[in-house]
file entry_37.pdb (PDB, C-alpha atoms, pLDDT in the B column)
ATOM      1  CA  MET A 685      15.228 -47.343  22.298  1.00 44.00           C
ATOM      2  CA  GLN A 686      17.528 -45.398  19.998  1.00 66.00           C
ATOM      3  CA  LEU A 687      20.525 -43.576  21.455  1.00 55.00           C
ATOM      4  CA  ASP A 688      19.272 -40.223  20.114  1.00 73.00           C
ATOM      5  CA  ASN A 689      16.004 -40.691  21.997  1.00 74.00           C
ATOM      6  CA  LEU A 690      17.887 -41.505  25.185  1.00 72.00           C
ATOM      7  CA  TYR A 691      20.003 -38.363  24.746  1.00 80.00           C
ATOM      8  CA  GLN A 692      16.863 -36.277  24.215  1.00 90.00           C
ATOM      9  CA  GLU A 693      15.440 -37.693  27.438  1.00 92.00           C
ATOM     10  CA  VAL A 694      18.616 -36.763  29.362  1.00 93.00           C
ATOM     11  CA  ILE A 695      18.438 -33.199  28.037  1.00 95.00           C
ATOM     12  CA  LEU A 696      14.732 -32.855  28.816  1.00 95.00           C
ATOM     13  CA  ASP A 697      15.206 -34.324  32.289  1.00 96.00           C
ATOM     14  CA  HIS A 698      17.925 -31.769  33.121  1.00 96.00           C
ATOM     15  CA  TYR A 699      15.769 -29.006  31.634  1.00 96.00           C
ATOM     16  CA  LYS A 700      12.652 -29.978  33.605  1.00 97.00           C
ATOM     17  CA  ARG A 701      14.503 -30.874  36.820  1.00 97.00           C
ATOM     18  CA  PRO A 702      17.667 -28.766  36.767  1.00 97.00           C
ATOM     19  CA  GLN A 703      20.457 -29.488  39.198  1.00 97.00           C
ATOM     20  CA  ASN A 704      21.752 -26.685  41.467  1.00 98.00           C
ATOM     21  CA  LYS A 705      19.432 -24.038  39.998  1.00 98.00           C
ATOM     22  CA  LYS A 706      19.283 -21.687  42.951  1.00 97.00           C
ATOM     23  CA  LEU A 707      21.979 -19.086  43.407  1.00 98.00           C
ATOM     24  CA  SER A 708      23.999 -19.650  46.548  1.00 97.00           C
ATOM     25  CA  ALA A 709      24.568 -16.615  48.764  1.00 96.00           C
ATOM     26  CA  ASN A 710      28.178 -17.668  49.411  1.00 96.00           C
ATOM     27  CA  TYR A 711      30.601 -17.827  46.498  1.00 97.00           C
ATOM     28  CA  ASP A 712      34.129 -16.982  45.387  1.00 97.00           C
ATOM     29  CA  ALA A 713      33.042 -15.672  41.987  1.00 98.00           C
ATOM     30  CA  GLN A 714      29.799 -14.673  40.335  1.00 98.00           C
ATOM     31  CA  VAL A 715      29.340 -14.128  36.604  1.00 98.00           C
ATOM     32  CA  HIS A 716      26.532 -13.220  34.241  1.00 98.00           C
ATOM     33  CA  HIS A 717      26.701 -14.502  30.662  1.00 98.00           C
ATOM     34  CA  VAL A 718      24.331 -13.837  27.780  1.00 97.00           C
ATOM     35  CA  ASN A 719      24.091 -15.473  24.393  1.00 95.00           C
ATOM     36  CA  PRO A 720      23.490 -12.403  22.211  1.00 92.00           C
ATOM     37  CA  SER A 721      22.255 -14.478  19.277  1.00 90.00           C
ATOM     38  CA  CYS A 722      19.209 -15.789  21.153  1.00 91.00           C
ATOM     39  CA  GLY A 723      18.982 -13.982  24.499  1.00 94.00           C
ATOM     40  CA  ASP A 724      19.661 -16.964  26.784  1.00 97.00           C
ATOM     41  CA  GLU A 725      21.116 -15.832  30.127  1.00 98.00           C
ATOM     42  CA  ILE A 726      22.999 -17.516  32.955  1.00 98.00           C
ATOM     43  CA  ASP A 727      24.049 -16.219  36.359  1.00 98.00           C
ATOM     44  CA  LEU A 728      26.574 -18.604  37.880  1.00 98.00           C
ATOM     45  CA  ASN A 729      28.156 -18.655  41.331  1.00 98.00           C
ATOM     46  CA  LEU A 730      31.260 -20.734  41.973  1.00 98.00           C
ATOM     47  CA  THR A 731      33.052 -21.775  45.141  1.00 98.00           C
ATOM     48  CA  ILE A 732      36.457 -23.457  45.120  1.00 97.00           C
ATOM     49  CA  THR A 733      37.767 -24.926  48.372  1.00 96.00           C
ATOM     50  CA  ASP A 734      41.340 -26.222  48.574  1.00 95.00           C
ATOM     51  CA  GLY A 735      41.551 -26.665  44.797  1.00 96.00           C
ATOM     52  CA  THR A 736      38.230 -28.517  44.589  1.00 97.00           C
ATOM     53  CA  ILE A 737      34.972 -27.193  43.179  1.00 98.00           C
ATOM     54  CA  SER A 738      32.802 -27.266  46.267  1.00 98.00           C
ATOM     55  CA  ASN A 739      29.757 -25.532  44.801  1.00 98.00           C
ATOM     56  CA  ILE A 740      28.322 -24.293  41.534  1.00 98.00           C
ATOM     57  CA  SER A 741      24.909 -22.695  41.670  1.00 98.00           C
ATOM     58  CA  TRP A 742      23.073 -20.903  38.925  1.00 98.00           C
ATOM     59  CA  ASP A 743      19.936 -19.303  37.660  1.00 98.00           C
ATOM     60  CA  GLY A 744      18.971 -18.536  34.122  1.00 97.00           C
ATOM     61  CA  VAL A 745      16.468 -18.373  31.339  1.00 97.00           C
ATOM     62  CA  GLY A 746      16.683 -19.828  27.891  1.00 97.00           C
ATOM     63  CA  CYS A 747      16.190 -22.806  25.670  1.00 96.00           C
ATOM     64  CA  SER A 748      16.262 -26.391  26.844  1.00 96.00           C
ATOM     65  CA  ILE A 749      19.802 -26.838  25.512  1.00 96.00           C
ATOM     66  CA  SER A 750      21.362 -23.946  27.443  1.00 97.00           C
ATOM     67  CA  GLN A 751      19.508 -24.737  30.645  1.00 98.00           C
ATOM     68  CA  ALA A 752      20.121 -28.498  30.492  1.00 98.00           C
ATOM     69  CA  SER A 753      23.772 -27.963  29.639  1.00 98.00           C
ATOM     70  CA  VAL A 754      24.483 -25.842  32.721  1.00 98.00           C
ATOM     71  CA  SER A 755      22.546 -28.302  34.891  1.00 98.00           C
ATOM     72  CA  ILE A 756      24.690 -31.140  33.522  1.00 98.00           C
ATOM     73  CA  LEU A 757      27.829 -29.054  34.095  1.00 98.00           C
ATOM     74  CA  THR A 758      27.058 -28.536  37.776  1.00 98.00           C
ATOM     75  CA  ASP A 759      26.252 -32.193  38.309  1.00 97.00           C
ATOM     76  CA  LEU A 760      29.462 -33.191  36.555  1.00 98.00           C
ATOM     77  CA  LEU A 761      31.949 -30.699  38.030  1.00 98.00           C
ATOM     78  CA  ILE A 762      30.991 -30.286  41.700  1.00 98.00           C
ATOM     79  CA  GLY A 763      33.484 -32.256  43.767  1.00 98.00           C
ATOM     80  CA  LYS A 764      36.170 -32.298  41.071  1.00 98.00           C
ATOM     81  CA  LYS A 765      39.651 -30.859  41.444  1.00 98.00           C
ATOM     82  CA  ILE A 766      40.002 -27.727  39.324  1.00 97.00           C
ATOM     83  CA  ASP A 767      42.495 -29.395  36.948  1.00 97.00           C
ATOM     84  CA  GLU A 768      40.098 -32.297  36.369  1.00 98.00           C
ATOM     85  CA  ALA A 769      37.240 -29.822  35.798  1.00 98.00           C
ATOM     86  CA  TYR A 770      39.342 -28.007  33.175  1.00 98.00           C
ATOM     87  CA  SER A 771      40.057 -31.308  31.445  1.00 98.00           C
ATOM     88  CA  ILE A 772      36.325 -32.082  31.305  1.00 98.00           C
ATOM     89  CA  PHE A 773      35.709 -28.521  30.077  1.00 98.00           C
ATOM     90  CA  ASP A 774      38.269 -29.016  27.284  1.00 98.00           C
ATOM     91  CA  HIS A 775      36.656 -32.322  26.252  1.00 98.00           C
ATOM     92  CA  PHE A 776      33.228 -30.675  26.100  1.00 98.00           C
ATOM     93  CA  VAL A 777      34.442 -27.694  24.074  1.00 98.00           C
ATOM     94  CA  ALA A 778      36.217 -30.051  21.642  1.00 97.00           C
ATOM     95  CA  LEU A 779      32.984 -32.025  21.281  1.00 97.00           C
ATOM     96  CA  MET A 780      30.998 -28.864  20.553  1.00 97.00           C
ATOM     97  CA  GLN A 781      33.570 -27.640  18.021  1.00 96.00           C
ATOM     98  CA  SER A 782      33.683 -30.989  16.198  1.00 96.00           C
ATOM     99  CA  LYS A 783      30.715 -30.272  13.893  1.00 93.00           C
ATOM    100  CA  GLY A 784      29.463 -33.767  14.626  1.00 91.00           C
ATOM    101  CA  THR A 785      32.692 -35.548  13.669  1.00 93.00           C
ATOM    102  CA  VAL A 786      33.554 -36.570  17.260  1.00 91.00           C
ATOM    103  CA  SER A 787      31.297 -38.689  19.432  1.00 87.00           C
ATOM    104  CA  GLY A 788      32.992 -37.716  22.716  1.00 93.00           C
ATOM    105  CA  ASP A 789      34.184 -39.813  25.633  1.00 95.00           C
ATOM    106  CA  GLU A 790      31.228 -40.835  27.792  1.00 94.00           C
ATOM    107  CA  ALA A 791      33.594 -41.863  30.612  1.00 96.00           C
ATOM    108  CA  VAL A 792      34.753 -38.228  30.840  1.00 97.00           C
ATOM    109  CA  LEU A 793      31.597 -36.347  29.848  1.00 97.00           C
ATOM    110  CA  GLU A 794      28.915 -38.566  31.433  1.00 96.00           C
ATOM    111  CA  ASP A 795      25.496 -36.912  30.803  1.00 95.00           C
ATOM    112  CA  ALA A 796      27.143 -34.113  28.788  1.00 97.00           C
ATOM    113  CA  ILE A 797      27.592 -36.651  25.989  1.00 96.00           C
ATOM    114  CA  ALA A 798      23.848 -36.238  25.398  1.00 95.00           C
ATOM    115  CA  LEU A 799      24.630 -32.829  23.893  1.00 96.00           C
ATOM    116  CA  ALA A 800      26.910 -34.290  21.183  1.00 94.00           C
ATOM    117  CA  GLY A 801      24.262 -33.842  18.495  1.00 93.00           C
ATOM    118  CA  VAL A 802      24.185 -30.098  19.137  1.00 94.00           C
ATOM    119  CA  SER A 803      27.629 -29.807  17.524  1.00 95.00           C
ATOM    120  CA  LYS A 804      25.985 -30.412  14.136  1.00 94.00           C
ATOM    121  CA  TYR A 805      23.991 -27.173  14.466  1.00 93.00           C
ATOM    122  CA  PRO A 806      26.271 -24.105  14.597  1.00 92.00           C
ATOM    123  CA  ALA A 807      23.478 -21.811  15.809  1.00 91.00           C
ATOM    124  CA  ARG A 808      22.920 -24.027  18.880  1.00 94.00           C
ATOM    125  CA  ILE A 809      26.553 -24.548  19.924  1.00 96.00           C
ATOM    126  CA  LYS A 810      26.588 -21.219  21.782  1.00 96.00           C
ATOM    127  CA  CYS A 811      23.511 -22.377  23.699  1.00 97.00           C
ATOM    128  CA  ALA A 812      25.273 -25.527  24.866  1.00 97.00           C
ATOM    129  CA  LEU A 813      28.471 -23.634  25.729  1.00 98.00           C
ATOM    130  CA  LEU A 814      26.845 -20.734  27.622  1.00 98.00           C
ATOM    131  CA  GLY A 815      27.085 -22.254  31.095  1.00 98.00           C
ATOM    132  CA  TRP A 816      30.482 -23.785  30.380  1.00 98.00           C
ATOM    133  CA  MET A 817      31.938 -20.406  29.403  1.00 98.00           C
ATOM    134  CA  ALA A 818      30.379 -18.894  32.515  1.00 98.00           C
ATOM    135  CA  PHE A 819      32.081 -21.619  34.575  1.00 98.00           C
ATOM    136  CA  LYS A 820      35.449 -20.922  32.923  1.00 98.00           C
ATOM    137  CA  ASP A 821      35.103 -17.176  33.562  1.00 98.00           C
ATOM    138  CA  ALA A 822      34.060 -17.727  37.193  1.00 98.00           C
ATOM    139  CA  SER A 823      36.878 -20.211  37.811  1.00 98.00           C
ATOM    140  CA  VAL A 824      39.488 -17.745  36.555  1.00 97.00           C
ATOM    141  CA  GLN A 825      38.015 -15.019  38.786  1.00 96.00           C
ATOM    142  CA  ALA A 826      37.835 -17.309  41.819  1.00 96.00           C
ATOM    143  CA  GLN A 827      41.422 -18.451  41.401  1.00 92.00           C
ATOM    144  CA  SER A 828      42.647 -14.878  40.915  1.00 88.00           C
ATOM    145  CA  LYS A 829      40.790 -13.842  44.046  1.00 81.00           C
ATOM    146  CA  SER A 830      42.311 -16.680  46.109  1.00 71.00           C
ATOM    147  CA  LYS A 831      45.819 -15.644  45.002  1.00 70.00           C
ATOM    148  CA  LEU A 832      45.142 -12.105  46.259  1.00 69.00           C
ATOM    149  CA  ASP A 833      43.850 -13.281  49.661  1.00 60.00           C
TER     150      ASP A 833
END

call {"tool": "encode", "arguments": {"input": "entry_37.pdb", "output": "structure tokens"}}
result
Amino acid sequence: MQLDNLYQEVILDHYKRPQNKKLSANYDAQVHHVNPSCGDEIDLNLTITDGTISNISWDGVGCSISQASVSILTDLLIGKKIDEAYSIFDHFVALMQSKGTVSGDEAVLEDAIALAGVSKYPARIKCALLGWMAFKDASVQAQSKSKLD
């Protein structure tokens, strides 16, 4: 089986059986992000407990790339310290901005590496990044909130 086919299967699996796709009633931050170029939408709730991402839940509509990407994100980041999550975030953004010149580090990105091919298609990069940008926004809000408490 070719690697591209395996990656397509990972994306389709996360699209058909998304992880954590049910908004939690308890959260530290909630955000709504829209990709204006295609209309994909994500609502994302984030909970950080003692510097660790204890929950990410979401709901959304959109293409298989945007929906699979946020599913992969939740699977990858829940349980990580916030600094480690930001490092993974940075690796993913660098992969998406590479225009296909970087293959990514599978040890860091795990299933997110399946989205590497998206970086070759500028119109689809925003789809893959939608949930990740929602996470970044929610994490900033959650951390600001915890500093005020």

call {"tool": "resolve_selection", "arguments": {"input": "entry_37.pdb", "expression": "the PyMOL selection byres ((chain A and resi 818-821) around 10)", "output": "number ranges by chain"}}
result
A: 713-718, 726-730, 740, 742, 754, 757-758, 761, 769-770, 773, 813-817, 822-826

call {"tool": "write_last_selection", "arguments": {"input": "entry_37.pdb", "atoms": "C-alpha atoms", "output": "CSV table (one decimal), keeping the file's coordinate frame"}}
result
chain,number,residue,atom,x,y,z
A,713,ALA,CA,33.0,-15.7,42.0
A,714,GLN,CA,29.8,-14.7,40.3
A,715,VAL,CA,29.3,-14.1,36.6
A,716,HIS,CA,26.5,-13.2,34.2
A,717,HIS,CA,26.7,-14.5,30.7
A,718,VAL,CA,24.3,-13.8,27.8
A,726,ILE,CA,23.0,-17.5,33.0
A,727,ASP,CA,24.0,-16.2,36.4
A,728,LEU,CA,26.6,-18.6,37.9
A,729,ASN,CA,28.2,-18.7,41.3
A,730,LEU,CA,31.3,-20.7,42.0
A,740,ILE,CA,28.3,-24.3,41.5
A,742,TRP,CA,23.1,-20.9,38.9
A,754,VAL,CA,24.5,-25.8,32.7
A,757,LEU,CA,27.8,-29.1,34.1
A,758,THR,CA,27.1,-28.5,37.8
A,761,LEU,CA,31.9,-30.7,38.0
A,769,ALA,CA,37.2,-29.8,35.8
A,770,TYR,CA,39.3,-28.0,33.2
A,773,PHE,CA,35.7,-28.5,30.1
A,813,LEU,CA,28.5,-23.6,25.7
A,814,LEU,CA,26.8,-20.7,27.6
A,815,GLY,CA,27.1,-22.3,31.1
A,816,TRP,CA,30.5,-23.8,30.4
A,817,MET,CA,31.9,-20.4,29.4
A,822,ALA,CA,34.1,-17.7,37.2
A,823,SER,CA,36.9,-20.2,37.8
A,824,VAL,CA,39.5,-17.7,36.6
A,825,GLN,CA,38.0,-15.0,38.8
A,826,ALA,CA,37.8,-17.3,41.8

call {"tool": "resolve_selection", "arguments": {"input": "entry_37.pdb", "expression": "the PyMOL selection byres ((chain A and resi 782) around 12)", "output": "list in words"}}
result
His775, Phe776, Val777, Ala778, Leu779, Met780, Gln781, Lys783, Gly784, Thr785, Val786, Ser787, Gly788, Ala800, Gly801, Val802, Ser803, Lys804, Tyr805, Pro806 and Ile809 of chain A

call {"tool": "closest_residue", "arguments": {"input": "entry_37.pdb", "among": "A:Ser753, A:Gln703, A:Ser748, A:Asn710", "to": "Asp795 of chain A", "atoms": "only C-alpha atoms"}}
result
A:Ser753

call {"tool": "residues_near_point", "arguments": {"input": "entry_37.pdb", "point": "(19.5, -37.7, 30.7)", "cutoff": "12 Å", "atoms": "all atoms listed in the file", "output": "mmCIF file with C-alpha atoms, in the frame of the given file"}}
result
data_model
loop_
_atom_site.group_PDB
_atom_site.id
_atom_site.type_symbol
_atom_site.label_atom_id
_atom_site.label_comp_id
_atom_site.auth_asym_id
_atom_site.auth_seq_id
_atom_site.Cartn_x
_atom_site.Cartn_y
_atom_site.Cartn_z
ATOM 1 C CA LEU A 687 20.525 -43.576 21.455
ATOM 2 C CA ASP A 688 19.272 -40.223 20.114
ATOM 3 C CA ASN A 689 16.004 -40.691 21.997
ATOM 4 C CA LEU A 690 17.887 -41.505 25.185
ATOM 5 C CA TYR A 691 20.003 -38.363 24.746
ATOM 6 C CA GLN A 692 16.863 -36.277 24.215
ATOM 7 C CA GLU A 693 15.440 -37.693 27.438
ATOM 8 C CA VAL A 694 18.616 -36.763 29.362
ATOM 9 C CA ILE A 695 18.438 -33.199 28.037
ATOM 10 C CA LEU A 696 14.732 -32.855 28.816
ATOM 11 C CA ASP A 697 15.206 -34.324 32.289
ATOM 12 C CA HIS A 698 17.925 -31.769 33.121
ATOM 13 C CA TYR A 699 15.769 -29.006 31.634
ATOM 14 C CA LYS A 700 12.652 -29.978 33.605
ATOM 15 C CA ARG A 701 14.503 -30.874 36.820
ATOM 16 C CA PRO A 702 17.667 -28.766 36.767
ATOM 17 C CA GLN A 703 20.457 -29.488 39.198
ATOM 18 C CA ALA A 752 20.121 -28.498 30.492
ATOM 19 C CA SER A 753 23.772 -27.963 29.639
ATOM 20 C CA SER A 755 22.546 -28.302 34.891
ATOM 21 C CA ILE A 756 24.690 -31.140 33.522
ATOM 22 C CA ASP A 759 26.252 -32.193 38.309
ATOM 23 C CA GLU A 794 28.915 -38.566 31.433
ATOM 24 C CA ASP A 795 25.496 -36.912 30.803
ATOM 25 C CA ALA A 796 27.143 -34.113 28.788
ATOM 26 C CA ILE A 797 27.592 -36.651 25.989
ATOM 27 C CA ALA A 798 23.848 -36.238 25.398
ATOM 28 C CA LEU A 799 24.630 -32.829 23.893
#

call {"tool": "atom_distance", "arguments": {"input": "entry_37.pdb", "atom1": "atom CA of Ile732 of chain A", "atom2": "atom CA of Lys831 of chain A"}}
result
12.2 Å

call {"tool": "residues_around", "arguments": {"input": "entry_37.pdb", "residues": "Gly763 of chain A", "least_positions_apart": "3", "cutoff": "7 Å", "atoms": "all atoms listed in the file", "output": "list in words"}}
result
Thr736, Ile737 and Ser738 of chain A

call {"tool": "write_last_selection", "arguments": {"input": "entry_37.pdb", "atoms": "C-alpha atoms", "output": "CSV table (one decimal), in the coordinates of the input"}}
result
chain,number,residue,atom,x,y,z
A,736,THR,CA,38.2,-28.5,44.6
A,737,ILE,CA,35.0,-27.2,43.2
A,738,SER,CA,32.8,-27.3,46.3

call {"tool": "resolve_selection", "arguments": {"input": "entry_37.pdb", "expression": "the PyMOL selection byres ((chain A and resi 747) around 9)", "output": "mmCIF file with C-alpha atoms, keeping the file's coordinate frame"}}
result
data_model
loop_
_atom_site.group_PDB
_atom_site.id
_atom_site.type_symbol
_atom_site.label_atom_id
_atom_site.label_comp_id
_atom_site.auth_asym_id
_atom_site.auth_seq_id
_atom_site.Cartn_x
_atom_site.Cartn_y
_atom_site.Cartn_z
ATOM 1 C CA TYR A 699 15.769 -29.006 31.634
ATOM 2 C CA CYS A 722 19.209 -15.789 21.153
ATOM 3 C CA ASP A 724 19.661 -16.964 26.784
ATOM 4 C CA VAL A 745 16.468 -18.373 31.339
ATOM 5 C CA GLY A 746 16.683 -19.828 27.891
ATOM 6 C CA SER A 748 16.262 -26.391 26.844
ATOM 7 C CA ILE A 749 19.802 -26.838 25.512
ATOM 8 C CA SER A 750 21.362 -23.946 27.443
ATOM 9 C CA GLN A 751 19.508 -24.737 30.645
ATOM 10 C CA ALA A 752 20.121 -28.498 30.492
ATOM 11 C CA CYS A 811 23.511 -22.377 23.699
#

call {"tool": "atom_distance", "arguments": {"input": "entry_37.pdb", "atom1": "atom CA of Asp712 of chain A", "atom2": "atom CA of Ile772 of chain A"}}
result
20.8 Å

call {"tool": "atom_distance", "arguments": {"input": "entry_37.pdb", "atom1": "atom CA of Lys810 of chain A", "atom2": "atom CA of Tyr711 of chain A"}}
result
25.3 Å

call {"tool": "closest_residue", "arguments": {"input": "entry_37.pdb", "among": "A:Lys765, A:Thr731, A:Leu793, A:Arg808", "to": "Lys829 of chain A", "atoms": "all atoms listed in the file"}}
result
A:Thr731
